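Shown below: final-v2.cif, with mmCIF, C-alpha atoms.
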```cif
data_structure
#
loop_
_atom_site.label_atom_id
_atom_site.label_comp_id
_atom_site.auth_asym_id
_atom_site.auth_seq_id
_atom_site.Cartn_x
_atom_site.Cartn_y
_atom_site.Cartn_z
CA MET A 410 137.23 81.92 74.76
CA ALA A 411 133.76 81.86 73.19
CA ALA A 412 133.20 83.89 70.02
CA LYS A 413 131.07 86.42 71.90
CA ASP A 414 133.83 87.01 74.44
CA VAL A 415 136.38 87.52 71.66
CA LEU A 416 134.07 90.10 70.10
CA GLY A 417 133.53 91.78 73.48
CA ALA A 418 137.26 91.96 74.18
CA LEU A 419 137.87 93.37 70.70
CA GLY A 420 135.17 95.98 71.28
CA GLU A 421 136.68 97.06 74.59
CA GLU A 422 140.08 97.36 72.95
CA ILE A 423 138.60 99.58 70.20
CA ALA A 424 136.74 101.67 72.80
CA ALA A 425 139.85 102.16 74.95
CA THR A 426 141.87 103.25 71.91
CA ALA A 427 139.13 105.66 70.83
CA LEU A 428 138.92 107.15 74.33
CA ALA A 429 142.71 107.54 74.57
CA GLU A 430 142.70 109.27 71.18
CA SER A 431 140.11 111.78 72.36
CA GLY A 432 142.30 112.70 75.35
CA TYR A 433 140.90 110.45 78.08
CA ARG A 434 143.39 108.88 80.50
CA ILE A 435 142.50 105.21 80.98
CA VAL A 436 142.96 104.30 84.65
CA ASP A 437 141.36 100.87 84.87
CA ARG A 438 140.08 98.10 82.60
CA ASN A 439 137.77 95.20 83.44
CA TRP A 440 137.66 96.00 87.12
CA ARG A 441 135.72 93.31 88.97
CA CYS A 442 134.06 93.09 92.32
CA ALA A 443 131.33 90.95 93.84
CA GLN A 444 128.64 93.01 92.13
CA GLY A 445 130.01 92.81 88.60
CA GLU A 446 132.46 94.35 86.23
CA ILE A 447 133.27 97.83 84.93
CA ASP A 448 134.58 97.78 81.36
CA ILE A 449 136.65 100.96 81.39
CA VAL A 450 137.40 103.66 83.96
CA ALA A 451 138.93 106.83 82.51
CA ILE A 452 139.69 110.39 83.57
CA ASP A 453 138.35 113.20 81.39
CA GLY A 454 139.48 116.57 82.76
CA ASP A 455 138.26 116.63 86.35
CA GLU A 456 135.67 113.90 85.83
CA THR A 457 136.01 110.20 86.51
CA VAL A 458 134.20 108.41 83.68
CA PHE A 459 132.82 104.88 83.95
CA VAL A 460 132.31 103.44 80.50
CA GLU A 461 130.06 100.55 79.52
CA VAL A 462 131.09 99.08 76.19
CA LYS A 463 128.62 97.08 74.14
CA THR A 464 129.76 95.37 70.98
CA ARG A 465 127.71 93.58 68.36
CA SER A 466 128.50 92.22 64.94
CA SER A 467 125.11 93.15 63.46
CA VAL A 468 121.86 94.86 64.40
CA ALA A 469 119.88 91.67 63.75
CA PHE A 470 119.05 91.51 67.48
CA GLY A 471 118.89 95.26 67.96
CA HIS A 472 121.34 98.11 68.21
CA PRO A 473 124.07 97.63 70.89
CA LEU A 474 122.82 100.70 72.78
CA GLU A 475 119.39 99.12 73.13
CA ALA A 476 121.02 96.33 75.16
CA ILE A 477 121.96 98.75 77.94
CA THR A 478 118.88 98.54 80.13
CA ALA A 479 117.81 100.55 83.15
CA GLN A 480 118.83 97.67 85.45
CA LYS A 481 122.27 97.56 83.87
CA LEU A 482 122.67 101.31 84.38
CA ALA A 483 121.59 101.00 88.01
CA ARG A 484 124.19 98.28 88.54
CA LEU A 485 126.82 100.43 86.82
CA ARG A 486 126.05 103.20 89.27
CA ARG A 487 126.54 100.89 92.26
CA LEU A 488 129.75 99.60 90.68
CA ALA A 489 130.99 103.16 90.20
CA ALA A 490 130.47 103.82 93.90
CA ALA A 491 132.28 100.58 94.76
CA TRP A 492 135.21 101.51 92.51
CA CYS A 493 135.52 104.96 94.13
CA GLU A 494 135.55 103.35 97.56
CA ASP A 495 138.25 100.94 96.43
CA HIS A 496 140.39 103.67 94.85
CA PRO A 497 140.82 106.54 97.30
CA GLY A 498 141.37 109.90 95.68
CA ASN A 499 139.38 112.81 94.41
CA HIS A 500 136.33 111.42 92.63
CA SER A 501 134.04 114.35 93.33
CA ARG A 502 132.67 114.41 89.78
CA ILE A 503 131.75 111.13 88.18
CA ARG A 504 130.00 110.34 84.91
CA ILE A 505 128.67 107.23 83.23
CA ASP A 506 129.16 106.91 79.46
CA ALA A 507 128.14 104.25 76.98
CA ILE A 508 130.07 103.22 73.91
CA ALA A 509 128.38 101.15 71.20
CA ILE A 510 130.53 99.33 68.69
CA LEU A 511 129.10 97.77 65.60
CA ALA A 512 131.75 95.44 64.20
CA PRO A 513 130.45 93.54 61.20
CA ALA A 514 132.77 90.79 59.98
CA GLY A 515 135.10 92.09 57.29
CA ALA A 516 134.24 95.78 57.71
CA SER A 517 135.67 98.56 59.82
CA PRO A 518 133.85 98.96 63.16
CA GLN A 519 131.59 101.92 63.88
CA VAL A 520 132.00 103.55 67.29
CA GLU A 521 129.28 105.62 68.96
CA HIS A 522 130.03 107.37 72.23
CA LEU A 523 127.18 108.67 74.40
CA ARG A 524 128.12 110.89 77.33
CA ARG A 525 126.25 111.17 80.63
CA VAL A 526 123.72 108.42 80.04
CA PHE A 527 122.67 108.22 83.69
CA MET B 248 118.54 121.65 66.77
CA PRO B 249 117.08 118.14 67.14
CA LEU B 250 113.57 119.39 67.78
CA GLY B 251 110.44 118.78 65.74
CA ARG B 252 107.06 120.33 66.25
CA THR B 253 103.62 119.82 64.73
CA SER B 254 99.99 119.83 65.83
CA SER B 255 97.09 117.47 66.21
CA VAL B 256 93.62 117.68 67.72
CA ALA B 257 92.31 116.43 71.08
CA LEU B 258 88.57 115.90 70.96
CA LEU B 259 86.32 116.37 73.95
CA GLY B 260 82.88 115.45 72.76
CA LEU B 261 82.03 117.62 69.76
CA THR B 262 84.59 120.29 70.51
CA GLY B 263 88.27 119.89 69.89
CA ALA B 264 91.42 121.73 70.85
CA LEU B 265 94.66 122.00 68.91
CA VAL B 266 97.47 120.12 70.63
CA ASP B 267 101.14 120.90 70.01
CA VAL B 268 103.22 117.77 69.53
CA GLU B 269 106.91 118.38 70.20
CA ALA B 270 109.64 115.80 69.76
CA ASP B 271 113.19 116.05 71.07
CA ILE B 272 116.04 113.67 70.35
CA SER B 273 118.71 113.75 73.02
CA SER B 274 122.06 112.04 73.08
CA ASN B 275 121.17 109.28 75.50
CA LEU B 276 120.41 105.59 75.54
CA PRO B 277 117.57 104.52 73.22
CA ALA B 278 114.18 105.16 74.80
CA PHE B 279 110.83 106.58 73.78
CA VAL B 280 109.13 108.78 76.35
CA LEU B 281 105.64 110.18 75.78
CA ILE B 282 104.48 112.89 78.19
CA GLY B 283 101.50 115.25 78.37
CA LEU B 284 98.66 113.23 79.92
CA PRO B 285 98.22 110.42 77.35
CA ASP B 286 95.68 107.66 78.04
CA ALA B 287 96.54 103.96 77.68
CA ALA B 288 95.77 103.77 73.95
CA LEU B 289 97.78 106.91 73.27
CA ASN B 290 100.71 105.71 75.38
CA GLU B 291 101.00 102.69 73.12
CA ALA B 292 101.68 105.10 70.26
CA LYS B 293 105.36 104.83 71.21
CA ASP B 294 105.55 101.24 70.02
CA ARG B 295 103.32 101.80 66.99
CA VAL B 296 105.36 104.79 65.86
CA ARG B 297 108.73 103.07 66.20
CA ALA B 298 107.57 99.94 64.35
CA ALA B 299 105.76 101.94 61.67
CA ALA B 300 108.79 104.17 61.07
CA THR B 301 111.13 101.19 60.78
CA ASN B 302 108.79 99.32 58.44
CA SER B 303 108.30 102.44 56.30
CA GLY B 304 112.02 102.60 55.68
CA CYS B 305 112.51 105.79 57.70
CA GLY B 306 113.84 104.33 60.95
CA LEU B 307 114.11 106.49 64.05
CA PRO B 308 117.55 107.20 65.52
CA ASN B 309 118.84 104.98 68.34
CA ARG B 310 118.64 107.79 70.85
CA LYS B 311 116.31 108.97 73.57
CA ILE B 312 113.18 110.41 71.99
CA THR B 313 110.97 112.58 74.16
CA VAL B 314 107.55 113.56 72.83
CA ASN B 315 105.50 116.16 74.65
CA LEU B 316 101.82 116.81 74.04
CA SER B 317 100.92 120.30 75.09
CA PRO B 318 98.88 121.79 76.76
CA ALA B 319 99.99 119.10 79.18
CA ALA B 320 96.96 119.46 81.46
CA LEU B 321 94.43 118.60 78.73
CA PRO B 322 93.58 114.87 78.80
CA LYS B 323 94.26 113.21 75.44
CA HIS B 324 92.92 109.89 74.32
CA GLY B 325 92.88 107.54 71.38
CA SER B 326 95.26 106.69 68.62
CA GLY B 327 94.73 109.72 66.39
CA PHE B 328 98.00 111.33 67.49
CA ASP B 329 100.23 108.61 65.94
CA LEU B 330 100.88 110.46 62.68
CA ALA B 331 101.71 113.73 64.45
CA ILE B 332 104.07 111.96 66.88
CA ALA B 333 105.82 110.10 64.05
CA LEU B 334 106.28 113.20 61.89
CA ALA B 335 107.44 115.42 64.77
CA THR B 336 110.04 112.76 65.59
CA LEU B 337 111.13 112.40 61.96
CA ALA B 338 111.43 116.20 61.79
CA ALA B 339 113.58 116.18 64.93
CA ALA B 340 115.75 113.51 63.31
CA GLY B 341 116.18 115.75 60.26
CA ILE B 342 114.51 113.24 57.95
CA VAL B 343 111.62 115.52 56.95
CA GLY B 344 111.30 119.30 56.74
CA VAL B 345 110.83 120.90 60.16
CA GLU B 346 108.95 123.89 58.79
CA SER B 347 106.73 121.84 56.50
CA VAL B 348 105.70 119.54 59.37
CA GLY B 349 105.12 122.49 61.70
CA ASN B 350 102.56 124.11 59.41
CA VAL B 351 100.26 121.11 59.05
CA VAL B 352 97.81 119.51 61.49
CA HIS B 353 98.17 115.71 61.48
CA LEU B 354 95.50 113.14 62.35
CA GLY B 355 95.60 109.38 61.99
CA GLU B 356 96.49 106.07 63.55
CA LEU B 357 99.51 104.10 62.35
CA GLY B 358 99.57 100.37 61.69
CA LEU B 359 102.79 98.49 62.38
CA ASP B 360 103.39 98.25 58.62
CA GLY B 361 103.40 102.07 58.38
CA ARG B 362 100.00 102.36 56.74
CA LEU B 363 97.52 104.87 58.11
CA ARG B 364 94.24 103.72 59.59
CA PRO B 365 91.12 105.88 59.60
CA ILE B 366 90.00 107.20 62.99
CA PRO B 367 86.50 108.02 64.26
CA GLY B 368 85.52 111.63 64.82
CA ILE B 369 87.59 113.02 61.95
CA LEU B 370 84.92 115.56 61.00
CA PRO B 371 84.80 117.37 64.38
CA ALA B 372 88.60 117.10 64.62
CA VAL B 373 89.19 118.76 61.23
CA LEU B 374 86.52 121.33 62.10
CA ALA B 375 88.40 122.13 65.32
CA ALA B 376 91.66 122.42 63.37
CA ALA B 377 90.04 124.82 60.90
CA ARG B 378 88.61 126.89 63.74
CA GLY B 379 92.05 126.90 65.33
CA GLY B 380 93.43 128.56 62.22
CA ALA B 381 94.99 125.56 60.46
CA ALA B 382 95.25 125.88 56.68
CA THR B 383 96.29 122.30 55.90
CA VAL B 384 95.28 119.04 57.57
CA MET B 385 96.83 115.67 56.81
CA VAL B 386 94.53 112.67 57.33
CA PRO B 387 94.50 108.97 56.41
CA THR B 388 93.22 108.23 52.90
CA GLY B 389 90.25 106.44 54.45
CA ASN B 390 89.19 109.66 56.17
CA ALA B 391 89.97 112.12 53.36
CA GLU B 392 86.45 112.19 51.94
CA GLU B 393 84.89 112.91 55.34
CA ALA B 394 87.55 115.51 56.20
CA SER B 395 86.91 117.34 52.90
CA LEU B 396 83.40 118.19 54.12
CA VAL B 397 84.88 120.96 56.27
CA PRO B 398 84.98 124.21 54.28
CA GLY B 399 88.04 126.45 54.13
CA VAL B 400 90.76 123.93 54.89
CA ARG B 401 93.07 122.00 52.57
CA VAL B 402 92.88 118.26 53.21
CA VAL B 403 95.80 116.01 52.28
CA GLY B 404 94.99 112.29 52.32
CA VAL B 405 97.98 109.96 52.68
CA ALA B 406 98.05 106.17 52.65
CA SER B 407 101.21 105.58 54.67
CA LEU B 408 103.82 107.21 56.88
CA ARG B 409 106.26 106.96 53.97
CA ASP B 410 103.88 108.97 51.74
CA ALA B 411 103.49 111.54 54.52
CA ALA B 412 107.29 111.81 54.90
CA ILE B 413 107.69 112.26 51.12
CA TRP B 414 105.02 114.99 51.16
CA HIS B 415 107.06 116.80 53.82
CA GLY B 416 110.25 116.63 51.79
CA GLY B 417 111.65 113.29 52.96
CA GLU B 418 113.93 111.82 50.31
CA PHE B 419 112.39 108.40 49.78
CA GLU B 420 111.26 106.49 46.74
CA PRO B 421 107.46 106.31 46.73
CA VAL B 422 106.10 102.85 47.43
CA VAL B 423 102.50 102.23 46.41
CA VAL B 424 100.55 100.60 49.22
CA GLU B 425 96.94 99.65 49.41
CA PRO B 426 95.28 102.29 51.58
CA ILE B 427 93.22 101.13 54.55
CA LEU B 428 89.69 102.37 54.04
CA ALA B 429 86.99 102.87 56.62
CA SER B 430 84.93 99.77 57.36
CA ALA B 431 82.86 98.67 54.39
CA ALA B 432 79.63 99.76 56.11
CA THR B 433 78.49 102.41 53.70
CA LEU B 434 75.99 105.03 54.51
CA ASP B 435 72.62 103.32 54.52
CA PRO B 436 70.46 105.09 51.98
CA VAL B 437 68.29 107.32 54.09
CA GLU B 438 64.85 105.93 53.72
CA GLN B 439 62.62 108.92 53.95
CA LEU B 440 59.17 107.81 54.86
CA ASP B 441 56.32 109.99 53.75
CA VAL B 442 53.06 110.83 55.45
CA SER B 443 51.29 110.06 52.17
CA ASP B 444 51.69 106.37 53.13
CA ILE B 445 49.13 106.89 55.89
CA VAL B 446 45.46 106.32 55.23
CA GLY B 447 43.08 108.23 57.48
CA ASN B 448 44.32 109.52 60.82
CA GLU B 449 43.75 113.11 59.63
CA ASP B 450 43.78 114.56 63.15
CA ALA B 451 47.08 112.91 64.02
CA ILE B 452 48.65 114.07 60.78
CA GLU B 453 47.48 117.64 61.35
CA ALA B 454 48.99 117.50 64.83
CA MET B 455 52.25 116.22 63.37
CA VAL B 456 52.36 119.04 60.81
CA ILE B 457 51.83 121.56 63.60
CA ALA B 458 54.55 119.92 65.71
CA ALA B 459 56.96 119.87 62.77
CA ALA B 460 56.26 123.49 61.86
CA GLY B 461 56.63 124.80 65.39
CA GLY B 462 59.28 122.39 66.65
CA HIS B 463 56.91 121.16 69.36
CA HIS B 464 57.02 117.94 71.33
CA MET B 465 54.35 115.38 70.58
CA PHE B 466 52.62 112.79 72.71
CA LEU B 467 50.94 109.90 70.92
CA LEU B 468 48.43 107.90 72.93
CA GLY B 469 46.34 105.08 71.56
CA PRO B 470 45.68 101.33 71.58
CA PRO B 471 48.18 98.96 69.96
CA GLY B 472 47.85 99.01 66.19
CA ALA B 473 46.52 102.57 66.06
CA GLY B 474 49.55 103.60 63.96
CA LYS B 475 51.60 105.53 66.54
CA THR B 476 54.95 104.09 65.42
CA MET B 477 54.03 104.53 61.78
CA LEU B 478 53.16 108.18 62.39
CA ALA B 479 56.28 108.93 64.41
CA ALA B 480 58.56 107.34 61.81
CA ARG B 481 57.15 109.76 59.24
CA LEU B 482 57.68 112.91 61.30
CA PRO B 483 61.27 113.56 60.05
CA GLY B 484 59.88 113.52 56.49
CA LEU B 485 57.84 116.63 57.33
CA LEU B 486 60.85 118.54 58.65
CA PRO B 487 62.78 120.82 56.28
CA ASP B 488 66.36 120.07 55.16
CA LEU B 489 69.01 120.89 57.77
CA ASP B 490 70.76 124.23 57.37
CA ALA B 491 74.56 124.28 56.96
CA ALA B 492 75.42 124.57 60.66
CA ALA B 493 72.91 121.89 61.69
CA ALA B 494 74.08 119.57 58.89
CA LEU B 495 77.66 119.89 60.12
CA GLU B 496 76.65 119.21 63.71
CA VAL B 497 74.55 116.16 62.80
CA SER B 498 77.41 114.81 60.66
CA CYS B 499 79.90 115.45 63.46
CA ILE B 500 77.75 113.47 65.91
CA ARG B 501 77.55 110.60 63.40
CA SER B 502 81.31 110.72 63.00
CA LEU B 503 81.84 110.66 66.78
CA SER B 504 79.47 107.70 67.10
CA GLY B 505 81.61 105.80 64.61
CA LEU B 506 78.81 105.78 62.03
CA PRO B 507 79.72 106.29 58.35
CA VAL B 508 79.38 109.89 57.24
CA GLY B 509 79.67 109.53 53.48
CA ALA B 510 80.73 111.95 50.79
CA THR B 511 78.31 114.70 51.67
CA LEU B 512 76.99 116.20 54.86
CA VAL B 513 73.84 114.71 56.29
CA THR B 514 71.07 117.01 55.12
CA ARG B 515 67.98 115.24 56.41
CA PRO B 516 66.93 115.33 60.07
CA PRO B 517 67.77 112.08 61.89
CA LEU B 518 65.25 109.79 63.62
CA GLU B 519 66.29 107.96 66.76
CA ALA B 520 63.98 105.32 68.21
CA PRO B 521 65.73 103.73 71.21
CA HIS B 522 64.14 100.58 72.57
CA HIS B 523 62.02 101.10 75.67
CA THR B 524 64.45 99.00 77.74
CA ALA B 525 67.40 101.21 76.74
CA THR B 526 69.59 102.26 79.65
CA ALA B 527 70.09 105.82 80.79
CA ALA B 528 73.67 105.75 79.52
CA SER B 529 72.64 104.71 76.02
CA LEU B 530 70.06 107.50 75.90
CA VAL B 531 72.12 110.28 77.43
CA GLY B 532 75.55 109.18 76.27
CA GLY B 533 78.72 109.57 78.25
CA GLY B 534 81.79 107.55 79.00
CA SER B 535 85.06 108.24 80.70
CA GLY B 536 87.77 109.69 78.52
CA VAL B 537 86.04 109.19 75.20
CA ILE B 538 82.61 110.76 75.19
CA ARG B 539 80.13 108.73 73.16
CA PRO B 540 76.92 110.41 72.11
CA GLY B 541 73.69 108.73 73.25
CA ALA B 542 70.41 108.43 71.39
CA ALA B 543 69.28 111.87 72.58
CA ALA B 544 72.39 113.53 71.12
CA ARG B 545 72.16 111.54 67.89
CA ALA B 546 68.60 112.84 67.47
CA SER B 547 69.81 116.47 67.52
CA HIS B 548 68.00 118.56 64.90
CA GLY B 549 65.73 115.57 64.25
CA VAL B 550 63.22 113.41 66.07
CA LEU B 551 63.71 111.37 69.24
CA PHE B 552 60.95 108.76 69.36
CA LEU B 553 60.47 107.18 72.78
CA ASP B 554 58.19 104.22 72.14
CA GLU B 555 56.25 102.56 74.96
CA LEU B 556 57.21 105.40 77.30
CA GLY B 557 54.52 104.46 79.78
CA ASP B 558 55.47 100.83 79.89
CA GLY B 559 57.06 101.16 83.30
CA LYS B 560 60.11 99.26 82.13
CA HIS B 561 62.18 102.36 81.52
CA THR B 562 65.25 102.27 83.66
CA SER B 563 66.00 105.88 82.85
#
```

Step by step, read the file and then write its structure as structure tokens.
Amino acid sequence: MAAKDVLGALGEEIAATALAESGYRIVDRNWRCAQGEIDIVAIDGDETVFVEVKTRSSVAFGHPLEAITAQKLARLRRLAAAWCEDHPGNHSRIRIDAIAILAPAGASPQVEHLRRVF
Amino acid sequence: MPLGRTSSVALLGLTGALVDVEADISSNLPAFVLIGLPDAALNEAKDRVRAAATNSGCGLPNRKITVNLSPAALPKHGSGFDLAIALATLAAAGIVGVESVGNVVHLGELGLDGRLRPIPGILPAVLAAARGGAATVMVPTGNAEEASLVPGVRVVGVASLRDAAIWHGGEFEPVVVEPILASAATLDPVEQLDVSDIVGNEDAIEAMVIAAAGGHHMFLLGPPGAGKTMLAARLPGLLPDLDAAAALEVSCIRSLSGLPVGATLVTRPPLEAPHHTATAASLVGGGSGVIRPGAAARASHGVLFLDELGDGKHTS
């Protein structure tokens, strides 16, 4: 696995732990379809939350949140619809969140969670 | 509450209106949205402000920043809103005092390094702020002298965004930067020509004195070399000094035209002698968005000398 993928996987692990700690029930991880991948799907109360996790080791190329572009959000929305279709059930309220993780080498990672980004 | 508010001035010709600049920081993906009818130059303020804030050491939060210029229906142009947008945003981010920023009118363009650049039309803008009831106006150092010509308002000149943030209670170490001054073109010493230079031509001089005393128009007709241009150039010398209101207006027009204003108000009547091939637009002034005064406006309270009027080449 390339270094960037290791970092990404680490970030998603940290994000999933953080979400579980704040009372979210993780229902799916790295769900893939033809259109792309959803990092984390979780249930928060009566809402189904689709989470995009972005991890970086420094802000030298910008903050992780800046890497989530409008196109990426639009794709996430299509993916959310595809996931709901694939998983029958009550998904009447959905939400898209973003989690930024700044994990500099040799320091504890910082987690930022933004709700309802789209 | 992540909300910052301050004011700036939108100029429309010589008159200006106070504009409220509100900034909101919401918990969303990083973006900078500027609303309230900005023109192209003003819309680029987003990028200038973000770069200037970062390079001044007071970086903006990685969140969605929405800046509203109100009244939203009033068209706004130019780069003079940069300082107000930056400080409203810094106030929303809690970096500078919200109340302190709210009580001051801010004018000035930001460079990417965070230094403040002088803007044209500062005199009418500060005048509009004073008329709008502002007590304190913050301007770029390069404009401070010109802004101080307006009576009854406290002018604060700052060299950089960092200095402005410190003035408003931001906790930063001062960094001395070289202020950007207005272009080196200093006020050309007003060469007042005197009618005593003229030999003879007693009738013409008497006519000029009458015209000057009564504020009449004059028509000079004669063969080439009769001294018409020489006479006309000496007409402003016969006019009295401008009174306070007229001096302010003449200085404001100079400021709007981008001409240097200097340390004191213009007190002598101006002379404008447009070339006889000048276009209608250059005589009357105009423009879309930014109104530029023409020769006729620049000659307000002075003399407009239309040479070779009968030449038939006038396009106006």

Margin query: Applying 9 Å and all atoms listed in the file, which residues near Ile510 (chain A) remain after dropping the ones on its own chain fewer than 2 positions away? List them as a list in words.
Written below: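 Once the nearby chain positions are removed, what remains is Gly420, Glu421, Ile423, Ala424, Val462, Lys463, Thr464, Arg465, Ser466, Pro473, Leu474, Ile508, Ala512, Pro518, Gln519, Val520, Glu521 and His522 of chain A.
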
Next item on the list: Starting from the shown file, work through the PyMOL selection byres ((chain B) within 10 of (chain A)) and note down what comes out as a list in words.
Entry: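 That selection, the PyMOL selection byres ((chain B) within 10 of (chain A)), comes back as Ser273, Ser274, Asn275, Leu276, Pro277, Ala278, Asn309, Arg310 and Lys311 of chain B.
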
Would you export the selected residues with C-alpha atoms as an mmCIF file, in the coordinates of the input, please?
```cif
data_model
loop_
_atom_site.group_PDB
_atom_site.id
_atom_site.type_symbol
_atom_site.label_atom_id
_atom_site.label_comp_id
_atom_site.auth_asym_id
_atom_site.auth_seq_id
_atom_site.Cartn_x
_atom_site.Cartn_y
_atom_site.Cartn_z
ATOM 1 C CA SER B 273 118.710 113.750 73.020
ATOM 2 C CA SER B 274 122.060 112.040 73.080
ATOM 3 C CA ASN B 275 121.170 109.280 75.500
ATOM 4 C CA LEU B 276 120.410 105.590 75.540
ATOM 5 C CA PRO B 277 117.570 104.520 73.220
ATOM 6 C CA ALA B 278 114.180 105.160 74.800
ATOM 7 C CA ASN B 309 118.840 104.980 68.340
ATOM 8 C CA ARG B 310 118.640 107.790 70.850
ATOM 9 C CA LYS B 311 116.310 108.970 73.570
#
```

Checklist line | Hits of the PyMOL selection byres ((chain B and resi 416) around 6) in this structure, as a PyMOL selection string | finding: chain B and resi 343-344+413-415+417

Item checked: Non-local contacts of region 324-341 of chain B (6 Å; all atoms listed in the file; under 2 positions in same chain excluded) as a list in words -> Pro249, Leu250, Gly251, Arg252, Thr253, Ala270, Asp286, Ala288, Leu289, Ala292, Val296, Val343, Gly344, Val345, His353, Leu354, Gly355, Glu356 and Leu357 of chain B

Note to self: If we count all atoms listed in the file and set the cut-off at 9 Å, which residues sit around Phe552 (chain B), ignoring sequence neighbours fewer than 3 positions away in its own chain? Please answer as a count of residues only.
What the structure shows: 8

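As for CA of Pro365 (chain B) and CA of Gly263 (chain B), they are spaced 17.6 Å apart.
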
Check: Separation of CA of Ala391 (chain B) and CA of Glu269 (chain B), in Å?
Finding: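 These atoms are spaced 24.7 Å apart.
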
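Distances here use all atoms listed in the file; by that measure, the residue among B:Gly532, B:Gly368, B:Gly484, B:Gly361 closest to Glu393 (chain B) is B:Gly368.
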
Notebook entry, point to check: For the point (55.2, 107.4, 60.8) in file coordinates, what residues are within 10 Å, counting all atoms listed in the file? Give the answer as a PyMOL selection string?
Noted result: chain B and resi 440-445+452+455+474-484

Next item on the list: Give as a ChimeraX atom specification the residues that the PyMOL selection byres ((chain A and resi 439) around 10) matches when applied to the coordinates above.
Entry: /A:418,421,437-438,440-442,445-450

Check: In terms of the shortest atom-to-atom distance over all atoms listed in the file, which of B:Ile500, B:Ile457, B:Gly379, B:Glu392 is closest to Ile538 (chain B)?
Finding: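 Of B:Ile500, B:Ile457, B:Gly379, B:Glu392, the one nearest Ile538 (chain B), counting all atoms listed in the file, is B:Ile500.
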
Given 8 Å on each side, where is the centre and what are the edge lengths in Å to one decimal of the axis-aligned box enclosing the listed atoms of region 265-284 of chain B, as AutoDock Vina command-line options?
```
--center_x 108.4 --center_y 113.3 --center_z 74.4 --size_x 43.4 --size_y 33.5 --size_z 27.0
```

Margin query: Using Å and a single decimal, report how far CA of Arg362 (chain B) sits from CA of Gly505 (chain B).
Written below: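 Interatomic distance, CA of Gly505 (chain B) to CA of Arg362 (chain B): 20.3 Å.
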